$ cat structure-v4.txt   # compact mmCIF, C-alpha atoms and all ligand atoms
# COMPACT_ATOMS: atom_id res chain seq x y z
CA MET Z 1 -6.02 18.44 -16.51
CA ALA Z 2 -4.19 15.37 -15.37
CA VAL Z 3 -4.46 12.68 -12.74
CA LEU Z 4 -1.38 12.94 -10.55
CA GLU Z 5 0.45 10.16 -8.75
CA ILE Z 6 -0.63 9.90 -5.11
CA ARG Z 7 2.33 9.54 -2.75
CA LYS Z 8 2.05 6.64 -0.35
CA TYR Z 9 3.23 6.16 3.23
CA PRO Z 10 6.15 6.17 4.17
CA ASP Z 11 7.05 8.78 1.47
CA GLU Z 12 9.05 11.61 3.09
CA VAL Z 13 6.92 14.40 1.57
CA LEU Z 14 3.98 13.21 3.70
CA LYS Z 15 5.96 13.91 6.90
CA LYS Z 16 6.99 17.47 6.02
CA LYS Z 17 5.30 20.61 7.26
CA ALA Z 18 4.02 22.29 4.09
CA LEU Z 19 4.82 25.92 3.28
CA PRO Z 20 2.14 28.60 2.91
CA VAL Z 21 1.06 29.48 -0.62
CA ASP Z 22 2.18 33.02 -1.33
CA ASN Z 23 1.50 33.26 -5.04
CA ILE Z 24 -1.89 32.45 -6.57
CA ASP Z 25 -0.83 32.16 -10.18
CA LYS Z 26 -1.51 30.03 -13.26
CA ASP Z 27 0.69 27.20 -12.00
CA LEU Z 28 -1.31 27.05 -8.77
CA GLN Z 29 -4.60 27.00 -10.72
CA ARG Z 30 -3.28 24.09 -12.78
CA LEU Z 31 -2.25 22.26 -9.60
CA ILE Z 32 -5.72 22.84 -8.09
CA ASP Z 33 -7.43 21.47 -11.23
CA ASN Z 34 -5.15 18.44 -11.25
CA MET Z 35 -5.74 17.78 -7.55
CA ILE Z 36 -9.52 17.92 -8.08
CA GLU Z 37 -9.26 15.47 -10.98
CA THR Z 38 -6.96 13.20 -8.95
CA MET Z 39 -9.35 13.24 -5.95
CA TYR Z 40 -12.36 12.28 -8.10
CA ALA Z 41 -10.39 9.64 -10.01
CA ALA Z 42 -9.11 7.92 -6.85
CA PRO Z 43 -11.97 8.18 -5.77
CA GLY Z 44 -11.58 10.12 -2.55
CA ILE Z 45 -13.39 12.77 -0.51
CA GLY Z 46 -10.35 15.00 -0.03
CA LEU Z 47 -6.77 15.55 -1.07
CA ALA Z 48 -3.92 17.69 0.23
CA ALA Z 49 -1.08 19.00 -1.97
CA PRO Z 50 1.65 16.99 -0.14
CA GLN Z 51 -0.20 13.83 -1.25
CA VAL Z 52 0.72 14.69 -4.84
CA GLY Z 53 4.28 15.59 -3.86
CA VAL Z 54 3.80 19.36 -3.51
CA SER Z 55 4.68 20.66 -0.05
CA LYS Z 56 2.26 23.61 -0.07
CA ARG Z 57 -0.73 24.48 2.11
CA LEU Z 58 -3.55 23.63 -0.26
CA ILE Z 59 -6.46 21.19 0.09
CA VAL Z 60 -9.51 20.09 -1.90
CA ILE Z 61 -12.58 18.37 -0.41
CA ASP Z 62 -15.84 16.99 -1.76
CA VAL Z 63 -17.81 14.74 0.59
CA SER Z 64 -20.73 14.30 -1.83
CA THR Z 65 -22.42 10.96 -2.34
CA LYS Z 66 -24.81 9.95 -5.11
CA GLU Z 67 -27.70 10.76 -2.82
CA GLU Z 68 -26.34 13.89 -1.19
CA LYS Z 69 -24.58 16.71 -2.99
CA HIS Z 70 -22.06 18.95 -1.27
CA PRO Z 71 -19.98 21.76 -2.72
CA LEU Z 72 -16.44 21.19 -3.92
CA ILE Z 73 -14.15 23.02 -1.51
CA VAL Z 74 -10.74 24.45 -2.44
CA LEU Z 75 -8.82 26.02 0.45
CA ILE Z 76 -5.47 27.76 0.35
CA ASN Z 77 -3.57 28.22 3.64
CA PRO Z 78 -6.43 26.77 5.72
CA GLU Z 79 -6.36 27.25 9.46
CA ILE Z 80 -8.68 25.83 12.14
CA ILE Z 81 -9.91 28.73 14.27
CA GLU Z 82 -12.60 26.91 16.27
CA ALA Z 83 -13.07 23.26 17.21
CA ASP Z 84 -15.53 21.63 19.58
CA GLY Z 85 -17.43 18.44 20.29
CA PHE Z 86 -16.10 15.14 19.03
CA ILE Z 87 -16.75 12.35 16.60
CA ASP Z 88 -15.24 8.92 16.68
CA SER Z 89 -15.39 7.51 13.18
CA GLU Z 90 -13.52 5.24 10.83
CA GLU Z 91 -11.02 6.98 8.58
CA GLY Z 92 -9.02 6.04 5.55
CA CYS Z 93 -6.35 7.86 3.58
CA LEU Z 94 -5.45 7.65 -0.11
CA SER Z 95 -1.79 7.71 0.98
CA VAL Z 96 -2.29 4.68 3.24
CA PRO Z 97 -4.26 2.38 0.92
CA GLY Z 98 -6.06 -0.65 2.30
CA TYR Z 99 -6.03 0.49 5.90
CA THR Z 100 -8.66 2.20 8.04
CA SER Z 101 -8.93 3.00 11.73
CA THR Z 102 -11.29 4.74 14.12
CA ILE Z 103 -9.96 8.20 14.91
CA LYS Z 104 -11.30 10.75 17.37
CA ARG Z 105 -11.82 14.22 15.87
CA ALA Z 106 -13.64 17.43 16.75
CA GLY Z 107 -17.30 17.23 15.74
CA ARG Z 108 -17.40 20.81 14.53
CA VAL Z 109 -14.68 23.08 13.19
CA VAL Z 110 -14.49 26.54 11.72
CA VAL Z 111 -11.72 26.98 9.18
CA LYS Z 112 -10.46 30.16 7.60
CA GLY Z 113 -8.37 30.40 4.48
CA LEU Z 114 -8.45 31.64 0.91
CA ASP Z 115 -10.52 30.33 -1.98
CA ARG Z 116 -8.81 29.58 -5.30
CA ASN Z 117 -9.08 33.22 -6.32
CA GLY Z 118 -7.39 34.44 -3.16
CA LYS Z 119 -10.59 35.68 -1.53
CA PRO Z 120 -10.70 35.18 2.27
CA VAL Z 121 -13.31 32.62 3.29
CA GLN Z 122 -14.53 31.09 6.53
CA ILE Z 123 -16.15 27.66 6.47
CA GLU Z 124 -17.97 25.76 9.19
CA GLY Z 125 -18.05 21.99 9.05
CA THR Z 126 -19.74 19.29 11.10
CA GLY Z 127 -19.74 15.50 10.92
CA LEU Z 128 -17.96 13.96 7.93
CA PHE Z 129 -17.09 17.38 6.50
CA ALA Z 130 -15.51 18.47 9.81
CA ARG Z 131 -13.50 15.25 9.84
CA ALA Z 132 -12.38 15.75 6.23
CA LEU Z 133 -11.19 19.29 7.00
CA GLN Z 134 -9.17 18.08 10.00
CA HIS Z 135 -7.70 15.13 8.10
CA GLU Z 136 -6.58 17.31 5.16
CA ILE Z 137 -5.18 20.09 7.35
CA ASP Z 138 -3.25 17.41 9.26
CA HIS Z 139 -1.60 16.46 5.94
CA LEU Z 140 -0.27 20.03 5.69
CA ASP Z 141 1.47 19.55 9.04
CA GLY Z 142 2.97 16.22 8.04
CA VAL Z 143 0.48 14.28 10.16
CA LEU Z 144 -1.28 11.14 8.90
CA PHE Z 145 -4.31 9.54 10.56
CA VAL Z 146 -2.08 6.65 11.61
CA ASP Z 147 -0.08 9.17 13.69
CA ARG Z 148 -3.27 9.79 15.68
CA MET Z 149 -3.75 6.13 16.62
CA SER Z 150 -2.57 4.74 19.96
CA SER Z 151 1.13 3.84 19.92
CA ILE Z 152 0.35 0.13 20.22
CA LYS Z 153 -2.01 0.24 17.26
CA ARG Z 154 0.51 2.28 15.29
CA GLU Z 155 3.34 -0.19 15.87
CA PHE Z 156 1.07 -3.01 14.79
CA PHE Z 157 0.09 -1.03 11.70
CA LYS Z 158 3.71 -0.31 10.73
CA LYS Z 159 4.76 -3.94 10.99
CA ARG Z 160 1.86 -5.21 8.95
CA TYR Z 161 1.66 -2.35 6.44
CA LEU Z 162 5.33 -2.36 5.55
CA LYS Z 163 5.13 -6.10 4.94
CA LYS Z 164 2.37 -5.32 2.44
CA THR Z 165 -0.09 -7.63 4.13
CA SER Z 166 -3.69 -6.64 4.29
CA VAL Z 167 -4.48 -5.02 7.61
CA SER Z 168 -7.98 -3.72 7.13
CA SER Z 169 -11.36 -5.26 6.78
CA GLN Z 170 -11.90 -5.48 3.05
CA GLN Z 171 -15.62 -4.87 3.53
CA SER Z 172 -14.96 -1.38 4.84
CA ALA Z 173 -17.10 1.25 3.15
CA VAL Z 174 -14.94 4.10 4.40
CA ARG Z 175 -14.16 6.69 1.75
CA SER Z 176 -10.52 7.73 1.82
CA GLN Z 177 -9.06 11.20 1.66
NI NI O 1 -5.29 11.43 3.72
$ encode --input "structure-v4.txt" --output "structure tokens"
Amino acid sequence: MAVLEIRKYPDEVLKKKALPVDNIDKDLQRLIDNMIETMYAAPGIGLAAPQVGVSKRLIVIDVSTKEEKHPLIVLINPEIIEADGFIDSEEGCLSVPGYTSTIKRAGRVVVKGLDRNGKPVQIEGTGLFARALQHEIDHLDGVLFVDRMSSIKREFFKKRYLKKTSVSSQQSAVRSQ
């Protein structure tokens, strides 16, 4: 396994719509293992393949904390089939280091896709897990959390971020994905 380089905004691969995975082979298994290792090494609570430069519809998520264990999720070709309620919480992204913002998301989602062996699965998520699913699936459509901010906030972000000045509160305890 290997820790892969995480692509950072404004890398072009982060803006592309990723292609469906159509072949679950050894290379894909290696990519999944490397993405898991990269997510834990960052550390982050989720990672999408475009973030490591691979424009394919594949995500990994683990929202565990020391106190609370959650399963490691690997989803191929994930698709949101139900979304309701909303949460308004602070988000960060491994591809936009040092920056967080409050983003409105559905409070509950149901996602269907394939597990790493190609078996169809359906997963329901609420709270932080629901947010993580939406954030990672956004990556597959070339959407970053900064694209979901108000246009005024986004312009401010772009100016500051591209100048490499710190734009976030350094005390933020938000876990990126
Ligand atoms: Ni992200």
$ residues_near_point --input "structure-v4.txt" --point "(-0.3, 7.9, -10.1)" --cutoff "10 Å" --atoms "all atoms listed in the file" --output "list in words"
Ala2, Val3, Leu4, Glu5, Ile6, Arg7, Thr38, Ala42 and Val52 of chain Z
$ closest_atom_pairs --input "structure-v4.txt" --of "chain Z" --to "ligand NI 1 (chain O)" --cutoff "8 Å" --atoms "all atoms listed in the file" --output "JSON lines"
{"residue": "Z:Gly46", "atom": "CA", "partner": "O:NI1", "partner_atom": "NI", "distance": 7.2}
{"residue": "Z:Leu47", "atom": "CA", "partner": "O:NI1", "partner_atom": "NI", "distance": 6.5}
{"residue": "Z:Ala48", "atom": "CA", "partner": "O:NI1", "partner_atom": "NI", "distance": 7.3}
{"residue": "Z:Gln51", "atom": "CA", "partner": "O:NI1", "partner_atom": "NI", "distance": 7.5}
{"residue": "Z:Gly92", "atom": "CA", "partner": "O:NI1", "partner_atom": "NI", "distance": 6.8}
{"residue": "Z:Cys93", "atom": "CA", "partner": "O:NI1", "partner_atom": "NI", "distance": 3.7}
{"residue": "Z:Leu94", "atom": "CA", "partner": "O:NI1", "partner_atom": "NI", "distance": 5.4}
{"residue": "Z:Ser95", "atom": "CA", "partner": "O:NI1", "partner_atom": "NI", "distance": 5.8}
{"residue": "Z:Val96", "atom": "CA", "partner": "O:NI1", "partner_atom": "NI", "distance": 7.4}
{"residue": "Z:His135", "atom": "CA", "partner": "O:NI1", "partner_atom": "NI", "distance": 6.2}
{"residue": "Z:Glu136", "atom": "CA", "partner": "O:NI1", "partner_atom": "NI", "distance": 6.2}
{"residue": "Z:His139", "atom": "CA", "partner": "O:NI1", "partner_atom": "NI", "distance": 6.6}
{"residue": "Z:Leu144", "atom": "CA", "partner": "O:NI1", "partner_atom": "NI", "distance": 6.6}
{"residue": "Z:Phe145", "atom": "CA", "partner": "O:NI1", "partner_atom": "NI", "distance": 7.2}
{"residue": "Z:Ser176", "atom": "CA", "partner": "O:NI1", "partner_atom": "NI", "distance": 6.7}
{"residue": "Z:Gln177", "atom": "CA", "partner": "O:NI1", "partner_atom": "NI", "distance": 4.3}
$ closest_residue --input "structure-v4.txt" --among "Z:Ile103, Z:Ala83, Z:Val109, Z:Val143" --to "Z:Pro50" --atoms "all atoms listed in the file"
Z:Val143
$ closest_residue --input "structure-v4.txt" --among "Z:Arg131, Z:Lys112, Z:Lys163, Z:His70" --to "Z:Gly85" --atoms "all atoms listed in the file"
Z:Arg131
$ atom_distance --input "structure-v4.txt" --atom1 "atom CA of Z:Glu155" --atom2 "atom CA of Z:Leu140"
22.9 Å
$ residues_around --input "structure-v4.txt" --residues "stretch 119-124 of chain Z" --least-positions-apart "6" --cutoff "9 Å" --atoms "only C-alpha atoms" --output "PyMOL selection string"
chain Z and resi 75+82+108-113+130
$ residues_around --input "structure-v4.txt" --residues "Z:Leu28" --least-positions-apart "4" --cutoff "12 Å" --atoms "all atoms listed in the file" --output "VMD selection string"
chain Z and resid 21 to 24 32 to 35 49 54 56 to 59 74 to 76 115 to 118
$ closest_residue --input "structure-v4.txt" --among "Z:Ala41, Z:Ile61, Z:Ala173, Z:Ile152" --to "Z:Ile137" --atoms "all atoms listed in the file"
Z:Ile61
$ atom_distance --input "structure-v4.txt" --atom1 "atom CA of Z:Ser150" --atom2 "atom CA of Z:Thr102"
10.5 Å
$ atom_distance --input "structure-v4.txt" --atom1 "atom CA of Z:Arg175" --atom2 "atom CA of Z:Ile45"
6.5 Å
$ closest_residue --input "structure-v4.txt" --among "Z:Val60, Z:Leu114, Z:Ala18, Z:Ile36" --to "Z:Pro78" --atoms "all atoms listed in the file"
Z:Leu114
$ residues_around --input "structure-v4.txt" --residues "Z:Glu12" --least-positions-apart "3" --cutoff "10 Å" --atoms "all atoms listed in the file" --output "ChimeraX atom specification"
/Z:7-9,15-16,50,53,142
$ closest_residue --input "structure-v4.txt" --among "Z:Leu128, Z:Arg154, Z:Arg105, Z:Ser55" --to "Z:Asn77" --atoms "all atoms listed in the file"
Z:Ser55
$ closest_residue --input "structure-v4.txt" --among "Z:Leu19, Z:Leu31, Z:Val13, Z:Leu162" --to "Z:Met1" --atoms "all atoms listed in the file"
Z:Leu31
$ build_atoms --input "structure-v4.txt" --residues "stretch 132-157 of chain Z" --atoms "N, CA, C and O atoms" --output "CSV table (one decimal), keeping the file's coordinate frame"
chain,number,residue,atom,x,y,z
Z,132,ALA,N,-13.2,15.6,7.5
Z,132,ALA,CA,-12.4,15.8,6.2
Z,132,ALA,C,-11.5,17.0,6.3
Z,132,ALA,O,-10.3,16.9,6.0
Z,133,LEU,N,-12.0,18.1,6.8
Z,133,LEU,CA,-11.2,19.3,7.0
Z,133,LEU,C,-10.0,19.0,7.9
Z,133,LEU,O,-8.9,19.4,7.6
Z,134,GLN,N,-10.2,18.3,9.0
Z,134,GLN,CA,-9.2,18.1,10.0
Z,134,GLN,C,-8.1,17.1,9.4
Z,134,GLN,O,-6.9,17.3,9.6
Z,135,HIS,N,-8.6,16.1,8.7
Z,135,HIS,CA,-7.7,15.1,8.1
Z,135,HIS,C,-6.8,15.8,7.1
Z,135,HIS,O,-5.6,15.6,7.0
Z,136,GLU,N,-7.4,16.7,6.2
Z,136,GLU,CA,-6.6,17.3,5.2
Z,136,GLU,C,-5.6,18.3,5.7
Z,136,GLU,O,-4.5,18.4,5.3
Z,137,ILE,N,-6.1,19.1,6.7
Z,137,ILE,CA,-5.2,20.1,7.4
Z,137,ILE,C,-4.0,19.4,8.1
Z,137,ILE,O,-2.9,19.9,8.1
Z,138,ASP,N,-4.3,18.2,8.7
Z,138,ASP,CA,-3.2,17.4,9.3
Z,138,ASP,C,-2.2,17.1,8.2
Z,138,ASP,O,-1.0,17.2,8.5
Z,139,HIS,N,-2.6,16.8,7.0
Z,139,HIS,CA,-1.6,16.5,5.9
Z,139,HIS,C,-0.6,17.6,5.8
Z,139,HIS,O,0.6,17.4,5.5
Z,140,LEU,N,-1.1,18.9,5.9
Z,140,LEU,CA,-0.3,20.0,5.7
Z,140,LEU,C,0.8,20.2,6.8
Z,140,LEU,O,1.8,20.9,6.6
Z,141,ASP,N,0.5,19.5,7.9
Z,141,ASP,CA,1.5,19.6,9.0
Z,141,ASP,C,2.3,18.3,9.1
Z,141,ASP,O,2.9,18.0,10.1
Z,142,GLY,N,2.2,17.5,8.1
Z,142,GLY,CA,3.0,16.2,8.0
Z,142,GLY,C,2.4,15.1,8.9
Z,142,GLY,O,3.1,14.2,9.3
Z,143,VAL,N,1.1,15.2,9.3
Z,143,VAL,CA,0.5,14.3,10.2
Z,143,VAL,C,-0.5,13.4,9.4
Z,143,VAL,O,-1.3,13.9,8.6
Z,144,LEU,N,-0.4,12.1,9.5
Z,144,LEU,CA,-1.3,11.1,8.9
Z,144,LEU,C,-2.2,10.6,10.0
Z,144,LEU,O,-1.9,10.6,11.2
Z,145,PHE,N,-3.4,10.0,9.5
Z,145,PHE,CA,-4.3,9.5,10.6
Z,145,PHE,C,-3.7,8.4,11.4
Z,145,PHE,O,-4.0,8.3,12.6
Z,146,VAL,N,-2.7,7.7,10.8
Z,146,VAL,CA,-2.1,6.6,11.6
Z,146,VAL,C,-1.2,7.2,12.7
Z,146,VAL,O,-1.0,6.6,13.8
Z,147,ASP,N,-0.8,8.5,12.6
Z,147,ASP,CA,-0.1,9.2,13.7
Z,147,ASP,C,-1.0,9.5,14.9
Z,147,ASP,O,-0.5,9.8,15.9
Z,148,ARG,N,-2.3,9.5,14.6
Z,148,ARG,CA,-3.3,9.8,15.7
Z,148,ARG,C,-3.8,8.5,16.4
Z,148,ARG,O,-4.7,8.6,17.2
Z,149,MET,N,-3.3,7.4,16.0
Z,149,MET,CA,-3.8,6.1,16.6
Z,149,MET,C,-2.9,6.0,17.9
Z,149,MET,O,-1.9,6.6,18.1
Z,150,SER,N,-3.4,5.0,18.8
Z,150,SER,CA,-2.6,4.7,20.0
Z,150,SER,C,-1.2,4.2,19.5
Z,150,SER,O,-1.1,3.6,18.4
Z,151,SER,N,-0.2,4.3,20.3
Z,151,SER,CA,1.1,3.8,19.9
Z,151,SER,C,1.2,2.3,19.7
Z,151,SER,O,1.8,1.9,18.8
Z,152,ILE,N,0.4,1.6,20.4
Z,152,ILE,CA,0.4,0.1,20.2
Z,152,ILE,C,-0.2,-0.2,18.9
Z,152,ILE,O,0.3,-1.0,18.1
Z,153,LYS,N,-1.4,0.5,18.6
Z,153,LYS,CA,-2.0,0.2,17.3
Z,153,LYS,C,-1.1,0.7,16.1
Z,153,LYS,O,-1.0,0.0,15.1
Z,154,ARG,N,-0.4,1.8,16.3
Z,154,ARG,CA,0.5,2.3,15.3
Z,154,ARG,C,1.7,1.3,15.0
Z,154,ARG,O,2.0,1.1,13.9
Z,155,GLU,N,2.2,0.8,16.1
Z,155,GLU,CA,3.3,-0.2,15.9
Z,155,GLU,C,2.9,-1.4,15.1
Z,155,GLU,O,3.5,-1.9,14.2
Z,156,PHE,N,1.7,-1.9,15.5
Z,156,PHE,CA,1.1,-3.0,14.8
Z,156,PHE,C,0.9,-2.7,13.3
Z,156,PHE,O,1.2,-3.4,12.4
Z,157,PHE,N,0.3,-1.5,13.1
Z,157,PHE,CA,0.1,-1.0,11.7
Z,157,PHE,C,1.4,-1.0,10.9
Z,157,PHE,O,1.4,-1.5,9.8
